[in-house]
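Have a look at the structure below, then the notes.
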Amino acid sequence: MTWLLLLLFLGALCYLTYTLVTESPYYMAMSGKAGYGIVYDRKGDVLFDGTHPLSDYPAGHFADVGNLIGDAGGQMSNTLVARNRADLANYSFMKGNAQTTANIRTTLLHSVNRKVFDAMGSKEGTVIACNWKTGEILVCFSKPCVDIAEGYGNIASMPEGSLLCKAFYPTVPGSTQKVSTLIAAYETCGAESVNSLQFGCSGSWLNENGQRINCHKEEGHGIQTAAQAFRNSCNPYFAQLVQWEKLPLSRVLEVFSRMGYGVNGESAQPLAVNGIKASAATLTLKDDGDFDTQWACLGQGDTLISPLQLMLWQAAIANGSGSAWQPYLISAKTDVNGNSVVCGTPGKTKEMFSAETAAAVRAVMIENAAAQYSTHFGSYTCGAKSGTAQVNDHGEEYENALLAGFCTDDDLPIAFCVVIEQRKAGELTPAALAGTLLRALDEAM
């Protein structure tokens with residue numbers, strides 16, 4: 001019995017020692033008693049520096065990454081620094097506060113990030129882009145954005161959203177949702193059957209409940225196929241598709257659930273990027289003959305999707321498999337003792353839709369981009385779908401412009417989502433900004 005007690009005591013002592021050695025950086029970081037290291041982009045540009053005053057850097061150096069990378073100030077909790085404090089703590093149990101520097105290397109291309117950030121000008125919104133072959137997030141920013149070098153003395157007067165990276169938060173998707181609705185139709189009925197399906201559009205359409213679905217084109221689009229309606233972003237066509245007797249609502253619900261939507265109040269698996277939390281898509285579908293359900297499948301009403309998830313689906317379409325490498329930001333970590341760990345994607349998502357569906361949707365999206373966005377995309381082979389989201393923000397009504405898409409060029413395998421808030425006619429378009437994004441990435445990669 002004595003030997004058993006002694007063994008238990010020694011085991012507990014070893015466990016306590018191991019815990020103190022391995023987890024002390026985390027607890028010291030959380031207590032604020034440890035200094036922090038440095039966060040780099042993929043080429044060594046500094047994105048956060050806990051070893052020197054941020055004011056030592058050129059003015060505006062951190063202006064595009066403040067609400068993504070974050071800082072040690074404690075004002076933002078859903079940032080890379082906040083979610084990975086222990087890995088940045090310049091502290092070890094054996095040495096205490098270390099003179100050496102822990103660091104995190106990210107996948108971000110800061111020069112490109114800043115170029116696209118500047119190209120957005122005074123407009124607010126977000127852009128996120130990844131390499132769909134690897135899952136590496138290359139560009140991610142959100143406007144307005146706090147400049148961490150300037151601190152929080154004026155926090156009360158900062159524009160709303162300055163401390164949040166909108167790429168990870170839900171937004172009304174507008175007609176980018178029609179990509180998912182087309183996926184559900186292809187998964188259920190097959191691409192050949194859906195592609196041959198024609199519906200008419202006279203500018204508006206009455207559903208079986210007597211409710212009117214209006215088209216953005218008052219005179220209508222006439223008789224269309226699915227590909228033509230996708231290119232025209234025709235609401236009456238897609239509403240009729242949702243009501244089509246060969247597309248049961250139960251199957252739409254099943255496909256959307258597999259894609260990661262929380263449907264009809266059910267919880268869905270939230271997304272995360274190296275600890276940064278992102279909301280799962282949500283929508284309500286109760287009756288395929290009812291306005292609210294049809295409107296939700298057109299990307300309006302209470303349908304909400306984060307730009308991150310829109311980009312993820314584009315990656316699964318672009319690679320032709322229906323699944324995607326999970327997006328990530330951290331490529332490597334080095335602790336205060338100089339021990340480095342290579343990081344990467346947590347792996348592939350489950351199959352969200354079939355390879356056959358991915359190929360069919362990819363073809364429709366490439367045809368759409370060639371017809372509508374060749375001026376902006378030039379020689380790049382791209383697929384894309386735009387969306388106009390009608391938003392009611394505390395009684396203020398406005399429209400956001402979105403574009404979700406991908407590039408299939410071998411040396412530029414990019415999936416992206418662009419959101420420009422409160423865009424007005426004649427202003428910068430998401431397609432123009434996406435073109436800037438692709439050219440900048442092409443030059444930098």
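Just remember, in the structure tokens the first chain shown is A, the second B, etc., residues are 1-based per chain, and ligands are 1-based in the order shown.
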Shell around A:Gly322 at 6 Å using only C-alpha atoms, local window under 4 positions removed, as a short mmCIF file (atom, residue, chain, number, x, y, z; two decimals) with C-alpha atoms, in the first residue's frame:
```cif
data_model
loop_
_atom_site.label_atom_id
_atom_site.label_comp_id
_atom_site.auth_asym_id
_atom_site.auth_seq_id
_atom_site.Cartn_x
_atom_site.Cartn_y
_atom_site.Cartn_z
CA ALA A 316 -15.08 23.44 -53.01
CA ILE A 317 -16.53 24.38 -56.40
CA GLU A 351 -18.06 16.38 -48.70
CA MET A 352 -20.59 19.21 -48.85
CA PHE A 353 -21.83 18.26 -52.32
CA SER A 354 -20.78 15.81 -55.00
CA ALA A 355 -17.95 16.24 -57.47
CA ALA A 358 -19.19 20.94 -58.20
#
```
Which neighbours of stretch 258-260 of chain A fall inside 10 Å, counting only C-alpha atoms, when residues of the same chain fewer than 6 positions from it are skipped, and could you give them as a list of chain:residue names?
A:Ser180, A:Ile183, A:Ala184, A:Val252, A:Ser267, A:Ala268, A:Gln269, A:Pro270, A:Leu271, A:Ala280, A:Ala281, A:Thr282, A:Gln309, A:Leu312, A:Trp313, A:Gly322, A:Ser323, A:Thr349, A:Lys350, A:Glu351, A:Met352, A:Phe353
Same residues, N, CA and C atoms, saved as a PDB file, in the first residue's frame:
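What ended up in out-v5.pdb:
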```
ATOM      1  N   SER A 180     -25.866  28.340 -53.824  1.00  0.00           N
ATOM      2  CA  SER A 180     -26.275  27.226 -52.960  1.00  0.00           C
ATOM      3  C   SER A 180     -27.592  26.614 -53.420  1.00  0.00           C
ATOM      4  N   ILE A 183     -26.856  24.459 -56.286  1.00  0.00           N
ATOM      5  CA  ILE A 183     -26.223  23.237 -55.785  1.00  0.00           C
ATOM      6  C   ILE A 183     -27.277  22.254 -55.292  1.00  0.00           C
ATOM      7  N   ALA A 184     -28.246  22.745 -54.522  1.00  0.00           N
ATOM      8  CA  ALA A 184     -29.303  21.871 -53.996  1.00  0.00           C
ATOM      9  C   ALA A 184     -30.109  21.240 -55.127  1.00  0.00           C
ATOM     10  N   VAL A 252     -33.782  19.940 -50.215  1.00  0.00           N
ATOM     11  CA  VAL A 252     -33.065  21.215 -50.115  1.00  0.00           C
ATOM     12  C   VAL A 252     -32.511  21.381 -48.705  1.00  0.00           C
ATOM     13  N   SER A 267     -28.841  24.112 -34.818  1.00  0.00           N
ATOM     14  CA  SER A 267     -27.462  24.589 -34.728  1.00  0.00           C
ATOM     15  C   SER A 267     -26.613  23.903 -35.787  1.00  0.00           C
ATOM     16  N   ALA A 268     -25.609  24.615 -36.261  1.00  0.00           N
ATOM     17  CA  ALA A 268     -24.662  24.070 -37.234  1.00  0.00           C
ATOM     18  C   ALA A 268     -23.262  24.219 -36.672  1.00  0.00           C
ATOM     19  N   GLN A 269     -22.357  23.414 -37.182  1.00  0.00           N
ATOM     20  CA  GLN A 269     -20.977  23.465 -36.715  1.00  0.00           C
ATOM     21  C   GLN A 269     -20.364  24.816 -37.055  1.00  0.00           C
ATOM     22  N   PRO A 270     -19.960  25.599 -36.046  1.00  0.00           N
ATOM     23  CA  PRO A 270     -19.343  26.895 -36.357  1.00  0.00           C
ATOM     24  C   PRO A 270     -17.977  26.702 -37.003  1.00  0.00           C
ATOM     25  N   LEU A 271     -17.555  27.681 -37.765  1.00  0.00           N
ATOM     26  CA  LEU A 271     -16.244  27.634 -38.385  1.00  0.00           C
ATOM     27  C   LEU A 271     -15.236  28.314 -37.467  1.00  0.00           C
ATOM     28  N   ALA A 280     -21.777  30.194 -38.270  1.00  0.00           N
ATOM     29  CA  ALA A 280     -22.277  29.325 -39.336  1.00  0.00           C
ATOM     30  C   ALA A 280     -23.445  29.997 -40.052  1.00  0.00           C
ATOM     31  N   ALA A 281     -23.627  29.652 -41.316  1.00  0.00           N
ATOM     32  CA  ALA A 281     -24.743  30.189 -42.103  1.00  0.00           C
ATOM     33  C   ALA A 281     -26.072  29.731 -41.512  1.00  0.00           C
ATOM     34  N   THR A 282     -27.082  30.581 -41.620  1.00  0.00           N
ATOM     35  CA  THR A 282     -28.419  30.241 -41.119  1.00  0.00           C
ATOM     36  C   THR A 282     -29.484  30.705 -42.105  1.00  0.00           C
ATOM     37  N   GLN A 309     -17.459  31.674 -45.096  1.00  0.00           N
ATOM     38  CA  GLN A 309     -18.160  30.480 -45.561  1.00  0.00           C
ATOM     39  C   GLN A 309     -18.497  30.567 -47.046  1.00  0.00           C
ATOM     40  N   LEU A 312     -15.393  29.549 -48.687  1.00  0.00           N
ATOM     41  CA  LEU A 312     -15.158  28.114 -48.532  1.00  0.00           C
ATOM     42  C   LEU A 312     -15.923  27.316 -49.583  1.00  0.00           C
ATOM     43  N   TRP A 313     -17.176  27.662 -49.811  1.00  0.00           N
ATOM     44  CA  TRP A 313     -17.963  26.966 -50.844  1.00  0.00           C
ATOM     45  C   TRP A 313     -17.372  27.190 -52.227  1.00  0.00           C
ATOM     46  N   GLY A 322     -16.247  19.201 -54.240  1.00  0.00           N
ATOM     47  CA  GLY A 322     -17.357  19.364 -53.310  1.00  0.00           C
ATOM     48  C   GLY A 322     -16.938  19.433 -51.860  1.00  0.00           C
ATOM     49  N   SER A 323     -15.647  19.297 -51.594  1.00  0.00           N
ATOM     50  CA  SER A 323     -15.082  19.542 -50.267  1.00  0.00           C
ATOM     51  C   SER A 323     -13.913  20.499 -50.448  1.00  0.00           C
ATOM     52  N   THR A 349     -12.660  19.603 -45.347  1.00  0.00           N
ATOM     53  CA  THR A 349     -14.027  19.519 -44.855  1.00  0.00           C
ATOM     54  C   THR A 349     -14.625  18.189 -45.304  1.00  0.00           C
ATOM     55  N   LYS A 350     -15.739  17.829 -44.728  1.00  0.00           N
ATOM     56  CA  LYS A 350     -16.483  16.689 -45.255  1.00  0.00           C
ATOM     57  C   LYS A 350     -17.001  17.059 -46.643  1.00  0.00           C
ATOM     58  N   GLU A 351     -17.477  16.077 -47.387  1.00  0.00           N
ATOM     59  CA  GLU A 351     -18.059  16.376 -48.695  1.00  0.00           C
ATOM     60  C   GLU A 351     -19.366  17.140 -48.497  1.00  0.00           C
ATOM     61  N   MET A 352     -19.401  18.364 -48.996  1.00  0.00           N
ATOM     62  CA  MET A 352     -20.585  19.208 -48.850  1.00  0.00           C
ATOM     63  C   MET A 352     -21.570  18.996 -49.991  1.00  0.00           C
ATOM     64  N   PHE A 353     -21.025  18.631 -51.158  1.00  0.00           N
ATOM     65  CA  PHE A 353     -21.835  18.262 -52.316  1.00  0.00           C
ATOM     66  C   PHE A 353     -20.945  17.435 -53.225  1.00  0.00           C
TER      67      PHE A 353
END
```
Sorted by chain and rising residue number, which residues of stretch 350-444 of chain A lie within 8 Å of stretch 115-124 of chain A, and what are their closest atom pairs and distances in Å to one decimal, counting only C-alpha atoms, as a tab-separated table?
```
residue	atom	partner	partner_atom	distance
A:Ile420	CA	A:Glu124	CA	6.0
A:Glu421	CA	A:Glu124	CA	5.5
A:Gln422	CA	A:Glu124	CA	7.9
A:Arg423	CA	A:Lys123	CA	7.7
A:Leu428	CA	A:Met120	CA	7.5
A:Leu433	CA	A:Ala119	CA	7.0
A:Thr436	CA	A:Val116	CA	6.6
A:Leu437	CA	A:Val116	CA	5.9
A:Ala440	CA	A:Lys115	CA	7.5
```
Write out the residues from the selection above, keeping C-alpha atoms, as an mmCIF file, in the first residue's frame.
```cif
data_model
loop_
_atom_site.group_PDB
_atom_site.id
_atom_site.type_symbol
_atom_site.label_atom_id
_atom_site.label_comp_id
_atom_site.auth_asym_id
_atom_site.auth_seq_id
_atom_site.Cartn_x
_atom_site.Cartn_y
_atom_site.Cartn_z
ATOM 1 C CA ILE A 420 -18.864 46.488 -50.352
ATOM 2 C CA GLU A 421 -21.357 48.013 -47.952
ATOM 3 C CA GLN A 422 -23.887 50.685 -48.861
ATOM 4 C CA ARG A 423 -22.692 50.751 -52.451
ATOM 5 C CA LEU A 428 -16.532 50.896 -57.073
ATOM 6 C CA LEU A 433 -12.035 45.153 -56.576
ATOM 7 C CA THR A 436 -7.397 44.301 -58.365
ATOM 8 C CA LEU A 437 -7.099 41.428 -55.890
ATOM 9 C CA ALA A 440 -1.986 41.908 -57.046
#
```
Write out as CSV a residue-level contact list of stretch 97-211 of chain A versus stretch 286-308 of chain A with cut-off 7 Å: for each qualifying residue the closest pair of atoms and the distance in Å to one decimal, counting only C-alpha atoms, rows sorted by chain and residue number upward.
```
residue,atom,partner,partner_atom,distance
A:Ile128,CA,A:Leu308,CA,6.9
A:Ala167,CA,A:Pro307,CA,5.0
A:Phe168,CA,A:Ser306,CA,5.5
A:Tyr169,CA,A:Ser306,CA,5.0
A:Pro170,CA,A:Ser306,CA,4.1
A:Thr171,CA,A:Leu304,CA,5.1
A:Val172,CA,A:Leu304,CA,4.8
A:Pro173,CA,A:Gly299,CA,5.3
A:Gly174,CA,A:Gly299,CA,4.2
A:Ser175,CA,A:Gly299,CA,5.4
A:Thr176,CA,A:Gly299,CA,6.8
A:Gln177,CA,A:Gly299,CA,4.7
A:Lys178,CA,A:Leu298,CA,5.7
A:Thr181,CA,A:Cys297,CA,6.1
A:Asn207,CA,A:Gly289,CA,6.2
A:Glu208,CA,A:Gly289,CA,5.5
A:Asn209,CA,A:Asp290,CA,6.0
A:Gln211,CA,A:Phe291,CA,6.1
```
Surrounding residues of A:Pro248 excluding itself and chain neighbours under 4 positions, 10 Å, only C-alpha atoms, as an NGL selection string:
:A and (185 or 188-189 or 242-244 or 252-253 or 288)
Put those residues in a file: C-alpha atoms, as a CSV table (one decimal), in the first residue's frame.
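Resulting contents of part.csv:
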```csv
chain,number,residue,atom,x,y,z
A,185,ALA,CA,-31.1,21.5,-57.3
A,188,THR,CA,-31.4,16.4,-56.0
A,189,CYS,CA,-32.3,16.3,-59.7
A,242,VAL,CA,-37.7,26.3,-55.3
A,243,GLN,CA,-41.4,25.5,-55.9
A,244,TRP,CA,-40.7,22.9,-58.6
A,252,VAL,CA,-33.1,21.2,-50.1
A,253,LEU,CA,-32.9,21.2,-46.3
A,288,ASP,CA,-41.6,25.8,-50.7
```
Once DSSP has gone over the backbone, tell me which residues of stretch 39-234 of chain A are in helix (DSSP H, G or I), as a VMD selection string.
chain A and resid 54 to 56 66 to 69 80 to 83 85 to 88 110 to 119 148 to 150 155 to 157 166 to 168 174 to 189 191 to 195 226 to 232
Fewer than 2 positions away in the same chain doesn't count, so skip those; otherwise give me all residues within 8 Å of stretch 153-164 of chain A, counting only C-alpha atoms, as a ChimeraX atom specification.
/A:66-68,75-76,78,142-146,151,166
With distances taken over only C-alpha atoms, the candidate from A:Leu109, A:Ile137, A:Ala432, A:Leu285 nearest A:Leu402 is A:Ala432
Quote the spacing between atom CA of A:Ala315 and atom CA of A:Val179 in Å to one decimal place.
12.7 Å
Best match for closeness to A:Arg251 among A:Phe48, A:Gln224, A:Ser233, A:Tyr186, counting only C-alpha atoms:
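Ranking A:Phe48, A:Gln224, A:Ser233, A:Tyr186 by distance to A:Arg251, first place goes to A:Tyr186.
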